[in-house]
>>> print(open('structure_25.csv').read())   # CSV, C-alpha atoms and all ligand atoms
chain,number,residue,atom,x,y,z
D,1,MET,CA,-112.8,-57.7,-99.8
D,2,ILE,CA,-113.7,-54.0,-99.1
D,3,SER,CA,-114.1,-52.6,-95.6
D,4,LYS,CA,-116.4,-49.7,-94.7
D,5,ASN,CA,-115.3,-46.2,-94.0
D,6,ILE,CA,-117.1,-44.8,-90.9
D,7,GLN,CA,-117.2,-41.0,-90.3
D,8,ILE,CA,-116.1,-39.9,-86.8
D,9,HIS,CA,-118.1,-37.1,-85.3
D,10,LEU,CA,-116.2,-35.2,-82.5
D,11,PRO,CA,-116.6,-31.5,-81.5
D,12,ILE,CA,-112.9,-30.8,-82.3
D,13,LEU,CA,-113.3,-32.0,-85.9
D,14,GLN,CA,-116.3,-29.8,-86.4
D,15,GLU,CA,-114.5,-26.8,-84.8
D,16,LYS,CA,-111.5,-27.2,-87.1
D,17,GLY,CA,-113.6,-27.9,-90.3
D,18,ILE,CA,-112.0,-31.4,-90.8
D,19,GLU,CA,-113.6,-34.6,-91.8
D,20,LEU,CA,-112.2,-37.8,-90.3
D,21,TYR,CA,-113.2,-41.4,-91.4
D,22,VAL,CA,-112.0,-44.7,-90.1
D,23,LYS,CA,-111.5,-47.6,-92.5
D,24,ARG,CA,-112.7,-50.6,-90.5
D,25,GLU,CA,-110.2,-53.2,-91.7
D,26,ASP,CA,-110.5,-54.6,-88.2
D,27,LEU,CA,-113.9,-56.0,-89.1
D,28,LEU,CA,-112.6,-58.2,-92.0
D,29,HIS,CA,-112.2,-61.3,-89.8
D,30,PRO,CA,-112.3,-62.0,-86.0
D,31,PHE,CA,-108.8,-63.3,-85.9
D,32,ILE,CA,-107.2,-62.7,-89.3
D,33,SER,CA,-108.0,-59.1,-88.8
D,34,GLY,CA,-107.0,-55.8,-90.4
D,35,ASN,CA,-103.6,-55.8,-92.2
D,36,LYS,CA,-103.1,-59.4,-91.2
D,37,TYR,CA,-105.8,-60.4,-93.6
D,38,ARG,CA,-104.2,-58.4,-96.4
D,39,LYS,CA,-100.7,-59.7,-95.6
D,40,LEU,CA,-101.7,-63.4,-95.5
D,41,LYS,CA,-104.1,-63.5,-98.5
D,42,TYR,CA,-101.5,-63.9,-101.2
D,43,ASN,CA,-99.0,-65.7,-99.0
D,44,VAL,CA,-101.5,-68.4,-98.2
D,45,ALA,CA,-102.5,-68.8,-101.8
D,46,HIS,CA,-98.8,-69.0,-102.8
D,47,ALA,CA,-98.1,-71.6,-100.1
D,48,LYS,CA,-101.0,-73.7,-101.4
D,49,ASN,CA,-99.8,-73.5,-105.0
D,50,LYS,CA,-96.3,-74.6,-103.9
D,51,GLY,CA,-97.9,-77.6,-102.2
D,52,LYS,CA,-96.6,-76.6,-98.8
D,53,LEU,CA,-98.3,-78.2,-95.8
D,54,CYS,CA,-97.2,-75.9,-93.0
D,55,LEU,CA,-97.0,-72.1,-92.4
D,56,LEU,CA,-94.1,-71.2,-90.1
D,57,THR,CA,-93.6,-67.7,-88.8
D,58,PHE,CA,-92.1,-65.6,-86.0
D,59,GLY,CA,-93.4,-63.2,-83.3
D,60,GLY,CA,-93.4,-62.0,-79.8
D,61,ALA,CA,-95.7,-63.5,-77.1
D,62,TYR,CA,-98.6,-61.2,-77.9
D,63,SER,CA,-98.2,-60.9,-81.6
D,64,ASN,CA,-101.2,-60.2,-83.8
D,65,HIS,CA,-99.5,-61.9,-86.7
D,66,ILE,CA,-98.9,-65.1,-84.7
D,67,LEU,CA,-102.6,-65.5,-83.9
D,68,ALA,CA,-103.6,-64.5,-87.4
D,69,THR,CA,-101.3,-67.1,-88.9
D,70,ALA,CA,-102.6,-69.8,-86.5
D,71,ALA,CA,-106.2,-68.9,-87.5
D,72,ALA,CA,-105.3,-68.9,-91.3
D,73,GLY,CA,-103.7,-72.3,-90.9
D,74,LYS,CA,-106.9,-73.7,-89.3
D,75,GLU,CA,-109.1,-72.1,-91.9
D,76,TYR,CA,-107.0,-73.1,-95.0
D,77,ASN,CA,-105.8,-76.5,-93.8
D,78,PHE,CA,-102.2,-75.9,-92.9
D,79,LYS,CA,-100.2,-77.1,-90.0
D,80,THR,CA,-98.8,-73.9,-88.3
D,81,VAL,CA,-95.6,-73.3,-86.3
D,82,GLY,CA,-94.9,-70.2,-84.3
D,83,VAL,CA,-91.3,-69.4,-83.5
D,84,ILE,CA,-91.7,-67.3,-80.4
D,85,ARG,CA,-89.3,-64.8,-78.8
D,86,GLY,CA,-88.5,-65.7,-75.2
D,87,GLU,CA,-87.3,-69.2,-74.3
D,88,GLU,CA,-88.5,-68.8,-70.7
D,89,LEU,CA,-92.1,-69.0,-72.1
D,90,GLY,CA,-91.3,-72.6,-73.0
D,91,PHE,CA,-90.2,-73.7,-69.6
D,92,ASP,CA,-93.8,-74.3,-68.4
D,93,VAL,CA,-96.0,-74.1,-71.5
D,94,PRO,CA,-99.4,-74.8,-69.7
D,95,LYS,CA,-98.6,-71.9,-67.4
D,96,THR,CA,-97.7,-69.7,-70.3
D,97,LEU,CA,-100.9,-70.5,-72.1
D,98,ALA,CA,-102.9,-69.9,-69.0
D,99,GLN,CA,-101.4,-66.4,-68.7
D,100,ASN,CA,-101.3,-65.5,-72.4
D,101,PRO,CA,-104.6,-65.2,-74.3
D,102,THR,CA,-102.8,-64.7,-77.7
D,103,LEU,CA,-100.8,-67.9,-77.5
D,104,LYS,CA,-103.7,-69.8,-75.9
D,105,ARG,CA,-105.9,-69.0,-78.8
D,106,ALA,CA,-103.1,-69.8,-81.3
D,107,ALA,CA,-102.6,-73.2,-79.6
D,108,GLU,CA,-106.4,-73.8,-79.8
D,109,PHE,CA,-106.1,-73.2,-83.6
D,110,GLY,CA,-103.5,-76.0,-83.6
D,111,MET,CA,-100.3,-74.0,-83.7
D,112,GLU,CA,-97.1,-75.7,-82.5
D,113,PHE,CA,-94.6,-73.4,-80.7
D,114,LYS,CA,-90.9,-73.2,-80.7
D,115,PHE,CA,-89.7,-70.9,-78.0
D,116,ILE,CA,-86.3,-69.4,-78.5
D,117,SER,CA,-84.0,-67.0,-76.7
D,118,ARG,CA,-84.0,-63.3,-77.6
D,119,GLN,CA,-80.4,-63.7,-78.8
D,120,GLU,CA,-81.3,-66.6,-81.1
D,121,TYR,CA,-84.4,-64.7,-82.3
D,122,GLN,CA,-82.1,-62.0,-83.7
D,123,HIS,CA,-81.1,-64.5,-86.4
D,124,LYS,CA,-84.6,-64.7,-87.7
D,125,LYS,CA,-83.8,-63.3,-91.2
D,126,GLU,CA,-80.5,-65.2,-91.7
D,127,THR,CA,-80.3,-68.0,-94.3
D,128,VAL,CA,-78.5,-70.6,-92.1
D,129,PHE,CA,-81.1,-70.1,-89.3
D,130,LEU,CA,-84.0,-70.4,-91.7
D,131,GLU,CA,-82.5,-73.5,-93.4
D,132,LYS,CA,-82.2,-75.2,-90.0
D,133,LEU,CA,-85.9,-74.4,-89.3
D,134,ALA,CA,-86.9,-75.7,-92.8
D,135,GLN,CA,-85.2,-79.0,-91.9
D,136,GLU,CA,-86.8,-79.2,-88.5
D,137,PHE,CA,-90.3,-78.5,-89.9
D,138,PRO,CA,-90.3,-80.0,-93.5
D,139,ASN,CA,-92.6,-78.7,-96.2
D,140,SER,CA,-93.0,-75.3,-94.4
D,141,TYR,CA,-93.7,-72.0,-96.1
D,142,ILE,CA,-91.8,-69.5,-94.0
D,143,ILE,CA,-93.4,-66.0,-93.5
D,144,PRO,CA,-91.2,-63.3,-91.9
D,145,GLU,CA,-91.9,-61.6,-88.6
D,146,GLY,CA,-94.9,-59.2,-88.8
D,147,GLY,CA,-95.9,-61.0,-92.1
D,148,THR,CA,-94.1,-58.5,-94.3
D,149,ASN,CA,-92.8,-59.6,-97.7
D,150,GLU,CA,-93.6,-58.8,-101.3
D,151,LEU,CA,-96.8,-60.8,-101.3
D,152,ALA,CA,-97.9,-59.0,-98.1
D,153,ILE,CA,-97.3,-55.6,-99.7
D,154,LYS,CA,-99.3,-56.7,-102.7
D,155,GLY,CA,-102.2,-57.6,-100.4
D,156,CYS,CA,-101.9,-54.3,-98.6
D,157,GLU,CA,-102.2,-52.5,-101.9
D,158,GLU,CA,-105.9,-53.6,-101.8
D,159,ILE,CA,-106.6,-51.6,-98.6
D,160,LEU,CA,-107.4,-48.4,-100.5
D,161,THR,CA,-110.0,-48.5,-103.2
D,162,LYS,CA,-111.1,-46.1,-105.9
D,163,GLU,CA,-113.7,-44.5,-103.6
D,164,ASP,CA,-110.8,-43.5,-101.2
D,165,ASP,CA,-109.4,-41.1,-103.8
D,166,VAL,CA,-111.5,-38.3,-102.2
D,167,PHE,CA,-109.3,-38.2,-99.1
D,168,SER,CA,-106.5,-35.6,-98.8
D,169,HIS,CA,-104.7,-37.6,-96.1
D,170,ILE,CA,-104.4,-41.3,-95.3
D,171,ALA,CA,-103.1,-42.1,-91.7
D,172,CYS,CA,-101.7,-45.5,-90.8
D,173,ALA,CA,-99.7,-47.1,-88.0
D,174,MET,CA,-96.4,-48.7,-88.8
D,175,GLY,CA,-94.4,-51.6,-87.4
D,176,THR,CA,-92.3,-53.3,-90.1
D,177,GLY,CA,-93.5,-51.0,-92.8
D,178,GLY,CA,-95.3,-53.5,-95.1
D,179,THR,CA,-98.7,-52.1,-94.6
D,180,VAL,CA,-97.8,-48.4,-95.4
D,181,THR,CA,-95.8,-49.5,-98.3
D,182,GLY,CA,-98.8,-51.1,-99.9
D,183,ILE,CA,-100.9,-48.0,-99.1
D,184,ILE,CA,-98.3,-45.7,-100.6
D,185,ASN,CA,-98.2,-47.9,-103.8
D,186,SER,CA,-101.9,-47.7,-104.3
D,187,ALA,CA,-102.6,-44.1,-103.1
D,188,CYS,CA,-102.9,-41.2,-105.6
D,189,GLU,CA,-100.0,-38.8,-106.1
D,190,ASN,CA,-101.9,-35.9,-104.5
D,191,GLN,CA,-102.8,-37.8,-101.3
D,192,ASN,CA,-100.6,-37.4,-98.2
D,193,ILE,CA,-99.7,-40.6,-96.4
D,194,LEU,CA,-99.1,-40.0,-92.7
D,195,ILE,CA,-97.1,-42.8,-91.1
D,196,PHE,CA,-97.3,-43.3,-87.3
D,197,PRO,CA,-94.5,-45.7,-86.1
D,198,ALA,CA,-95.3,-47.8,-83.1
D,199,LEU,CA,-91.6,-48.0,-82.5
D,200,LYS,CA,-89.0,-45.6,-81.4
D,201,GLY,CA,-86.0,-44.9,-83.7
D,202,ALA,CA,-84.7,-42.8,-86.6
D,203,TRP,CA,-84.3,-45.9,-88.8
D,204,VAL,CA,-88.0,-45.8,-89.6
D,205,LYS,CA,-87.7,-43.1,-92.2
D,206,GLU,CA,-84.8,-44.9,-93.9
D,207,GLU,CA,-86.8,-48.1,-94.0
D,208,ILE,CA,-89.7,-46.5,-95.8
D,209,GLN,CA,-87.3,-44.6,-98.1
D,210,SER,CA,-85.7,-47.9,-99.1
D,211,LEU,CA,-89.1,-49.5,-99.8
D,212,GLN,CA,-90.4,-46.4,-101.6
D,213,PRO,CA,-87.5,-44.7,-103.5
D,214,ASN,CA,-89.8,-43.1,-106.1
D,215,LYS,CA,-92.6,-41.6,-104.1
D,216,GLN,CA,-92.4,-38.5,-101.9
D,217,ASN,CA,-96.1,-38.1,-100.8
D,218,TRP,CA,-95.6,-39.6,-97.3
D,219,SER,CA,-94.2,-38.4,-94.0
D,220,VAL,CA,-93.2,-40.1,-90.8
D,221,ILE,CA,-94.7,-38.7,-87.6
D,222,SER,CA,-92.5,-40.1,-84.8
D,223,ASP,CA,-94.0,-38.2,-81.8
D,224,TYR,CA,-96.7,-40.7,-80.8
D,225,HIS,CA,-94.9,-44.0,-80.0
D,226,PHE,CA,-95.5,-43.4,-76.2
D,227,LYS,CA,-91.9,-44.2,-75.3
D,228,GLY,CA,-91.6,-47.2,-77.6
D,229,TYR,CA,-93.1,-50.5,-78.9
D,230,GLY,CA,-95.7,-52.0,-76.6
D,231,LYS,CA,-95.5,-49.2,-74.0
D,232,VAL,CA,-98.7,-47.8,-72.8
D,233,SER,CA,-99.5,-44.9,-70.4
D,234,ASP,CA,-102.5,-44.0,-68.4
D,235,GLU,CA,-103.1,-41.2,-70.8
D,236,LEU,CA,-103.3,-43.6,-73.8
D,237,ILE,CA,-105.6,-46.0,-71.9
D,238,THR,CA,-107.9,-43.0,-71.0
D,239,PHE,CA,-107.9,-41.9,-74.7
D,240,ILE,CA,-108.8,-45.5,-75.9
D,241,ASN,CA,-111.8,-45.6,-73.5
D,242,GLN,CA,-112.9,-42.1,-74.3
D,243,PHE,CA,-112.7,-42.7,-78.0
D,244,LYS,CA,-114.7,-45.8,-77.8
D,245,LYS,CA,-117.3,-44.1,-75.6
D,246,GLU,CA,-117.7,-41.3,-78.1
D,247,THR,CA,-117.5,-43.2,-81.4
D,248,THR,CA,-118.1,-46.9,-80.4
D,249,ILE,CA,-114.9,-47.8,-82.2
D,250,PRO,CA,-112.4,-49.9,-80.2
D,251,LEU,CA,-108.7,-49.2,-80.7
D,252,ASP,CA,-105.7,-51.5,-79.9
D,253,PRO,CA,-103.1,-50.0,-77.6
D,254,ILE,CA,-100.0,-51.0,-79.6
D,255,TYR,CA,-100.8,-49.5,-83.0
D,256,THR,CA,-104.1,-48.0,-83.8
D,257,ALA,CA,-104.7,-46.0,-80.6
D,258,LYS,CA,-101.3,-44.3,-80.9
D,259,MET,CA,-102.1,-43.4,-84.5
D,260,MET,CA,-105.5,-42.0,-83.7
D,261,PHE,CA,-104.2,-40.1,-80.7
D,262,GLY,CA,-101.6,-38.6,-83.1
D,263,VAL,CA,-104.2,-37.7,-85.7
D,264,LEU,CA,-106.5,-36.0,-83.2
D,265,ASP,CA,-103.6,-34.2,-81.5
D,266,ARG,CA,-102.5,-32.8,-84.8
D,267,VAL,CA,-106.1,-31.7,-85.6
D,268,GLU,CA,-106.1,-29.9,-82.3
D,269,ASN,CA,-102.7,-28.3,-83.1
D,270,ASN,CA,-103.8,-27.0,-86.5
D,271,GLN,CA,-101.6,-29.3,-88.5
D,272,PHE,CA,-104.3,-29.9,-91.0
D,273,LYS,CA,-105.8,-27.3,-93.3
D,274,LYS,CA,-109.5,-26.5,-92.9
D,275,GLY,CA,-111.4,-28.8,-95.4
D,276,SER,CA,-108.9,-31.7,-95.0
D,277,LYS,CA,-110.5,-35.1,-95.4
D,278,ILE,CA,-108.6,-37.7,-93.4
D,279,LEU,CA,-108.9,-41.5,-93.7
D,280,ALA,CA,-107.4,-43.4,-90.8
D,281,ILE,CA,-106.8,-47.1,-91.4
D,282,HIS,CA,-107.9,-49.4,-88.5
D,283,THR,CA,-105.4,-52.2,-89.0
D,284,GLY,CA,-106.9,-54.4,-86.3
D,285,GLY,CA,-104.9,-55.8,-83.4
D,286,LEU,CA,-107.9,-55.8,-81.0
D,287,GLN,CA,-107.0,-59.4,-79.9
D,288,GLY,CA,-104.0,-57.8,-78.0
D,289,ILE,CA,-106.3,-55.9,-75.6
D,290,GLU,CA,-106.9,-58.9,-73.3
D,291,GLY,CA,-103.1,-59.5,-72.9
D,292,ILE,CA,-102.4,-55.8,-72.1
D,293,ASN,CA,-105.3,-55.7,-69.6
D,294,THR,CA,-103.9,-58.7,-67.8
D,295,GLN,CA,-100.6,-56.9,-67.4
D,296,LEU,CA,-102.3,-53.6,-66.4
D,297,LYS,CA,-104.3,-55.4,-63.7
D,298,GLN,CA,-101.2,-56.9,-62.2
D,299,LYS,CA,-99.8,-53.3,-61.9
D,300,ASN,CA,-103.1,-52.0,-60.5
D,301,LYS,CA,-103.4,-49.6,-63.5
D,302,PRO,CA,-106.6,-48.5,-65.3
D,303,ILE,CA,-107.6,-51.0,-68.0
D,304,ILE,CA,-109.1,-50.9,-71.5
D,305,LEU,CA,-112.9,-51.1,-71.2
D,401,LIG,C1,-102.7,-54.0,-85.6
D,401,LIG,C2,-101.5,-53.6,-86.4
D,401,LIG,N1,-101.5,-52.4,-87.0
D,401,LIG,C3,-100.4,-52.1,-87.7
D,401,LIG,C4,-99.3,-52.9,-87.8
D,401,LIG,C5,-98.1,-52.4,-88.6
D,401,LIG,O1,-97.9,-53.1,-89.8
D,401,LIG,P1,-96.5,-53.2,-90.5
D,401,LIG,O2,-95.7,-54.2,-89.7
D,401,LIG,O3,-96.9,-53.7,-91.8
D,401,LIG,O4,-95.9,-51.9,-90.5
D,401,LIG,C6,-99.3,-54.1,-87.2
D,401,LIG,C7,-98.1,-55.0,-87.3
D,401,LIG,O5,-98.1,-55.8,-88.2
D,401,LIG,C8,-100.4,-54.5,-86.5
D,401,LIG,O6,-100.5,-55.7,-85.9
>>> encode(input="structure_25.csv", output="structure tokens")
Amino acid sequence: MISKNIQIHLPILQEKGIELYVKREDLLHPFISGNKYRKLKYNVAHAKNKGKLCLLTFGGAYSNHILATAAAGKEYNFKTVGVIRGEELGFDVPKTLAQNPTLKRAAEFGMEFKFISRQEYQHKKETVFLEKLAQEFPNSYIIPEGGTNELAIKGCEEILTKEDDVFSHIACAMGTGGTVTGIINSACENQNILIFPALKGAWVKEEIQSLQPNKQNWSVISDYHFKGYGKVSDELITFINQFKKETTIPLDPIYTAKMMFGVLDRVENNQFKKGSKILAIHTGGLQGIEGINTQLKQKNKPIIL
């Protein structure tokens, strides 16, 4: 499946002589959207081939990946289990679902939840913990948090196509690193991959280095996480609303808005040569807007329109 590249027209881009396009991966599917579609594609096929009946995965309460897995289960006939960080969410499940649009939709797609403490959640990659889950939920195909594994990376290698060779720069948000790894694998040697982590921390660079020991045409731009994962500011919300007004393209506050803010800020600060052609990947995540808006309203803050 190939998604469209849409050119962005903003005065700052014209002034600096730069072309910016957005690859609308968010439009691939209403719920299995953006990089989630790419990450799940080969995993779902593999689970079917192995005769598995259930997809089991991990995530936070507003996880894009949890909802995408629930939707994929419904579409491809798997039972789904979401192991969710935060045992308190399981104390009164109807109340949790009433307050959380992500989990509510996932439940509507038939997902069963197992709410665990933050401490227990830290064991999510450990064999003993995974074996226990496999016993509790027999015939499960276990997908890691964020959906990143080798098959996910293989799927993300299909984000860029031959037509994208014309771009000098590819910009993408990063969480676990699976998506950018796929992009780096399939990009041309002369393209610069700009990685915008949604998380704080120096480990990000090492993570990519370990996944990409042979390639050097990427850089990590760590200045746009807005104080860390899931944190939003009034400035970011204003940016999202302004960007949508000017381009009609919605951005999610956790990943794509931070990347796009960073790209345009760097355009403004002359970090791109005149004539640069940038392709920014819209990795989806728009389902998360409703949950963030609920939290913003409770704090009497401006919301995403
Ligand atoms: C919308 C969106 N964009 C980007 C990312 C980052 O992807 P990755 O975890 O593969 O780095 C995620 C997380 O999976 C996401 O949900």
>>> closest_residue(input="structure_25.csv", among="D:Thr283, D:Ser233, D:Gln119, D:Thr238", to="Met259 (chain D)", atoms="only C-alpha atoms")
D:Thr283
>>> closest_atom_pairs(input="structure_25.csv", of="chain D", to="ligand LIG 401 (chain D)", cutoff="10 Å", atoms="only C-alpha atoms and all ligand atoms", output="JSON lines")
{"residue": "D:Glu25", "atom": "CA", "partner": "D:LIG401", "partner_atom": "C1", "distance": 9.7}
{"residue": "D:Asp26", "atom": "CA", "partner": "D:LIG401", "partner_atom": "C1", "distance": 8.2}
{"residue": "D:Ser33", "atom": "CA", "partner": "D:LIG401", "partner_atom": "C1", "distance": 8.0}
{"residue": "D:Gly34", "atom": "CA", "partner": "D:LIG401", "partner_atom": "C1", "distance": 6.7}
{"residue": "D:Asn35", "atom": "CA", "partner": "D:LIG401", "partner_atom": "C2", "distance": 6.5}
{"residue": "D:Lys36", "atom": "CA", "partner": "D:LIG401", "partner_atom": "O5", "distance": 6.9}
{"residue": "D:Arg38", "atom": "CA", "partner": "D:LIG401", "partner_atom": "O3", "distance": 9.8}
{"residue": "D:Lys39", "atom": "CA", "partner": "D:LIG401", "partner_atom": "O3", "distance": 8.1}
{"residue": "D:Tyr62", "atom": "CA", "partner": "D:LIG401", "partner_atom": "O6", "distance": 9.9}
{"residue": "D:Ser63", "atom": "CA", "partner": "D:LIG401", "partner_atom": "O6", "distance": 7.1}
{"residue": "D:Asn64", "atom": "CA", "partner": "D:LIG401", "partner_atom": "O6", "distance": 5.0}
{"residue": "D:His65", "atom": "CA", "partner": "D:LIG401", "partner_atom": "O6", "distance": 6.3}
{"residue": "D:Ile66", "atom": "CA", "partner": "D:LIG401", "partner_atom": "O6", "distance": 9.6}
{"residue": "D:Ala68", "atom": "CA", "partner": "D:LIG401", "partner_atom": "O6", "distance": 9.4}
{"residue": "D:Glu145", "atom": "CA", "partner": "D:LIG401", "partner_atom": "O2", "distance": 8.4}
{"residue": "D:Gly146", "atom": "CA", "partner": "D:LIG401", "partner_atom": "O5", "distance": 4.7}
{"residue": "D:Gly147", "atom": "CA", "partner": "D:LIG401", "partner_atom": "O5", "distance": 6.9}
{"residue": "D:Thr148", "atom": "CA", "partner": "D:LIG401", "partner_atom": "O3", "distance": 6.1}
{"residue": "D:Asn149", "atom": "CA", "partner": "D:LIG401", "partner_atom": "O3", "distance": 9.3}
{"residue": "D:Ala152", "atom": "CA", "partner": "D:LIG401", "partner_atom": "O3", "distance": 8.3}
{"residue": "D:Ile153", "atom": "CA", "partner": "D:LIG401", "partner_atom": "O3", "distance": 8.1}
{"residue": "D:Cys156", "atom": "CA", "partner": "D:LIG401", "partner_atom": "O3", "distance": 8.5}
{"residue": "D:Cys172", "atom": "CA", "partner": "D:LIG401", "partner_atom": "C3", "distance": 7.4}
{"residue": "D:Ala173", "atom": "CA", "partner": "D:LIG401", "partner_atom": "C3", "distance": 5.1}
{"residue": "D:Met174", "atom": "CA", "partner": "D:LIG401", "partner_atom": "O4", "distance": 3.7}
{"residue": "D:Gly175", "atom": "CA", "partner": "D:LIG401", "partner_atom": "O4", "distance": 3.5}
{"residue": "D:Thr176", "atom": "CA", "partner": "D:LIG401", "partner_atom": "O2", "distance": 3.5}
{"residue": "D:Gly177", "atom": "CA", "partner": "D:LIG401", "partner_atom": "O4", "distance": 3.4}
{"residue": "D:Gly178", "atom": "CA", "partner": "D:LIG401", "partner_atom": "O3", "distance": 3.7}
{"residue": "D:Thr179", "atom": "CA", "partner": "D:LIG401", "partner_atom": "O3", "distance": 3.7}
{"residue": "D:Val180", "atom": "CA", "partner": "D:LIG401", "partner_atom": "O4", "distance": 6.3}
{"residue": "D:Thr181", "atom": "CA", "partner": "D:LIG401", "partner_atom": "O3", "distance": 7.8}
{"residue": "D:Gly182", "atom": "CA", "partner": "D:LIG401", "partner_atom": "O3", "distance": 8.7}
{"residue": "D:Ile195", "atom": "CA", "partner": "D:LIG401", "partner_atom": "O4", "distance": 9.2}
{"residue": "D:Phe196", "atom": "CA", "partner": "D:LIG401", "partner_atom": "C5", "distance": 9.2}
{"residue": "D:Pro197", "atom": "CA", "partner": "D:LIG401", "partner_atom": "O4", "distance": 7.7}
{"residue": "D:Ala198", "atom": "CA", "partner": "D:LIG401", "partner_atom": "C5", "distance": 7.7}
{"residue": "D:Leu199", "atom": "CA", "partner": "D:LIG401", "partner_atom": "O4", "distance": 9.9}
{"residue": "D:Ile208", "atom": "CA", "partner": "D:LIG401", "partner_atom": "O4", "distance": 9.8}
{"residue": "D:Leu251", "atom": "CA", "partner": "D:LIG401", "partner_atom": "C1", "distance": 9.1}
{"residue": "D:Asp252", "atom": "CA", "partner": "D:LIG401", "partner_atom": "C1", "distance": 6.9}
{"residue": "D:Pro253", "atom": "CA", "partner": "D:LIG401", "partner_atom": "C1", "distance": 9.0}
{"residue": "D:Ile254", "atom": "CA", "partner": "D:LIG401", "partner_atom": "C1", "distance": 7.2}
{"residue": "D:Tyr255", "atom": "CA", "partner": "D:LIG401", "partner_atom": "N1", "distance": 5.0}
{"residue": "D:Thr256", "atom": "CA", "partner": "D:LIG401", "partner_atom": "N1", "distance": 6.0}
{"residue": "D:Ala257", "atom": "CA", "partner": "D:LIG401", "partner_atom": "N1", "distance": 9.6}
{"residue": "D:Met259", "atom": "CA", "partner": "D:LIG401", "partner_atom": "N1", "distance": 9.4}
{"residue": "D:Ile281", "atom": "CA", "partner": "D:LIG401", "partner_atom": "N1", "distance": 8.7}
{"residue": "D:His282", "atom": "CA", "partner": "D:LIG401", "partner_atom": "N1", "distance": 7.2}
{"residue": "D:Thr283", "atom": "CA", "partner": "D:LIG401", "partner_atom": "N1", "distance": 4.4}
{"residue": "D:Gly284", "atom": "CA", "partner": "D:LIG401", "partner_atom": "C1", "distance": 4.3}
{"residue": "D:Gly285", "atom": "CA", "partner": "D:LIG401", "partner_atom": "C1", "distance": 3.6}
{"residue": "D:Leu286", "atom": "CA", "partner": "D:LIG401", "partner_atom": "C1", "distance": 7.2}
{"residue": "D:Gln287", "atom": "CA", "partner": "D:LIG401", "partner_atom": "C1", "distance": 9.0}
{"residue": "D:Gly288", "atom": "CA", "partner": "D:LIG401", "partner_atom": "C1", "distance": 8.6}
>>> residues_around(input="structure_25.csv", residues="region 77-91 of chain D", least_positions_apart="5", cutoff="7 Å", atoms="only C-alpha atoms", output="JSON, numbers by chain")
{"D": [53, 54, 55, 56, 57, 58, 59, 60, 61, 66, 70, 96, 110, 111, 112, 113, 114, 115, 116, 117, 118, 121]}
>>> atom_distance(input="structure_25.csv", atom1="CA of Arg24 (chain D)", atom2="CA of Gln7 (chain D)")
10.6 Å
>>> closest_residue(input="structure_25.csv", among="D:Lys162, D:Lys154, D:Lys274, D:Lys215", to="Tyr42 (chain D)", atoms="all atoms listed in the file")
D:Lys154
>>> atom_distance(input="structure_25.csv", atom1="CA of Thr69 (chain D)", atom2="CA of Ile32 (chain D)")
7.4 Å
>>> atom_distance(input="structure_25.csv", atom1="CA of Gly230 (chain D)", atom2="CA of Leu13 (chain D)")
28.2 Å
>>> closest_residue(input="structure_25.csv", among="D:Lys258, D:Val267, D:Ile304, D:Glu290", to="Lys104 (chain D)", atoms="all atoms listed in the file")
D:Glu290
>>> residues_near_point(input="structure_25.csv", point="(-102.7, -75.4, -98.0)", cutoff="10 Å", atoms="only C-alpha atoms", output="list in words")
Val44, Ala45, His46, Ala47, Lys48, Asn49, Lys50, Gly51, Lys52, Leu53, Cys54, Leu55, Ala72, Gly73, Lys74, Glu75, Tyr76, Asn77, Phe78, Lys79 and Tyr141 of chain D
>>> write_last_selection(input="structure_25.csv", atoms="C-alpha atoms", output="PDB file, in the coordinates of the input")
ATOM      1  CA  VAL D  44    -101.500 -68.400 -98.200  1.00  0.00           C
ATOM      2  CA  ALA D  45    -102.500 -68.800-101.800  1.00  0.00           C
ATOM      3  CA  HIS D  46     -98.800 -69.000-102.800  1.00  0.00           C
ATOM      4  CA  ALA D  47     -98.100 -71.600-100.100  1.00  0.00           C
ATOM      5  CA  LYS D  48    -101.000 -73.700-101.400  1.00  0.00           C
ATOM      6  CA  ASN D  49     -99.800 -73.500-105.000  1.00  0.00           C
ATOM      7  CA  LYS D  50     -96.300 -74.600-103.900  1.00  0.00           C
ATOM      8  CA  GLY D  51     -97.900 -77.600-102.200  1.00  0.00           C
ATOM      9  CA  LYS D  52     -96.600 -76.600 -98.800  1.00  0.00           C
ATOM     10  CA  LEU D  53     -98.300 -78.200 -95.800  1.00  0.00           C
ATOM     11  CA  CYS D  54     -97.200 -75.900 -93.000  1.00  0.00           C
ATOM     12  CA  LEU D  55     -97.000 -72.100 -92.400  1.00  0.00           C
ATOM     13  CA  ALA D  72    -105.300 -68.900 -91.300  1.00  0.00           C
ATOM     14  CA  GLY D  73    -103.700 -72.300 -90.900  1.00  0.00           C
ATOM     15  CA  LYS D  74    -106.900 -73.700 -89.300  1.00  0.00           C
ATOM     16  CA  GLU D  75    -109.100 -72.100 -91.900  1.00  0.00           C
ATOM     17  CA  TYR D  76    -107.000 -73.100 -95.000  1.00  0.00           C
ATOM     18  CA  ASN D  77    -105.800 -76.500 -93.800  1.00  0.00           C
ATOM     19  CA  PHE D  78    -102.200 -75.900 -92.900  1.00  0.00           C
ATOM     20  CA  LYS D  79    -100.200 -77.100 -90.000  1.00  0.00           C
ATOM     21  CA  TYR D 141     -93.700 -72.000 -96.100  1.00  0.00           C
TER      22      TYR D 141
END
>>> closest_residue(input="structure_25.csv", among="D:Leu194, D:Met260, D:Ile278, D:Val204", to="Asp165 (chain D)", atoms="only C-alpha atoms")
D:Ile278
>>> closest_residue(input="structure_25.csv", among="D:Ile12, D:Ile292, D:Val220, D:Ala280", to="Ile237 (chain D)", atoms="only C-alpha atoms")
D:Ile292
>>> residues_around(input="structure_25.csv", residues="Ile303 (chain D)", least_positions_apart="3", cutoff="12 Å", atoms="only C-alpha atoms", output="list in words")
Val232, Ser233, Asp234, Glu235, Leu236, Ile237, Thr238, Phe239, Ile240, Asn241, Pro253, Ile289, Glu290, Gly291, Ile292, Asn293, Thr294, Gln295, Leu296, Lys297, Gln298, Lys299 and Asn300 of chain D
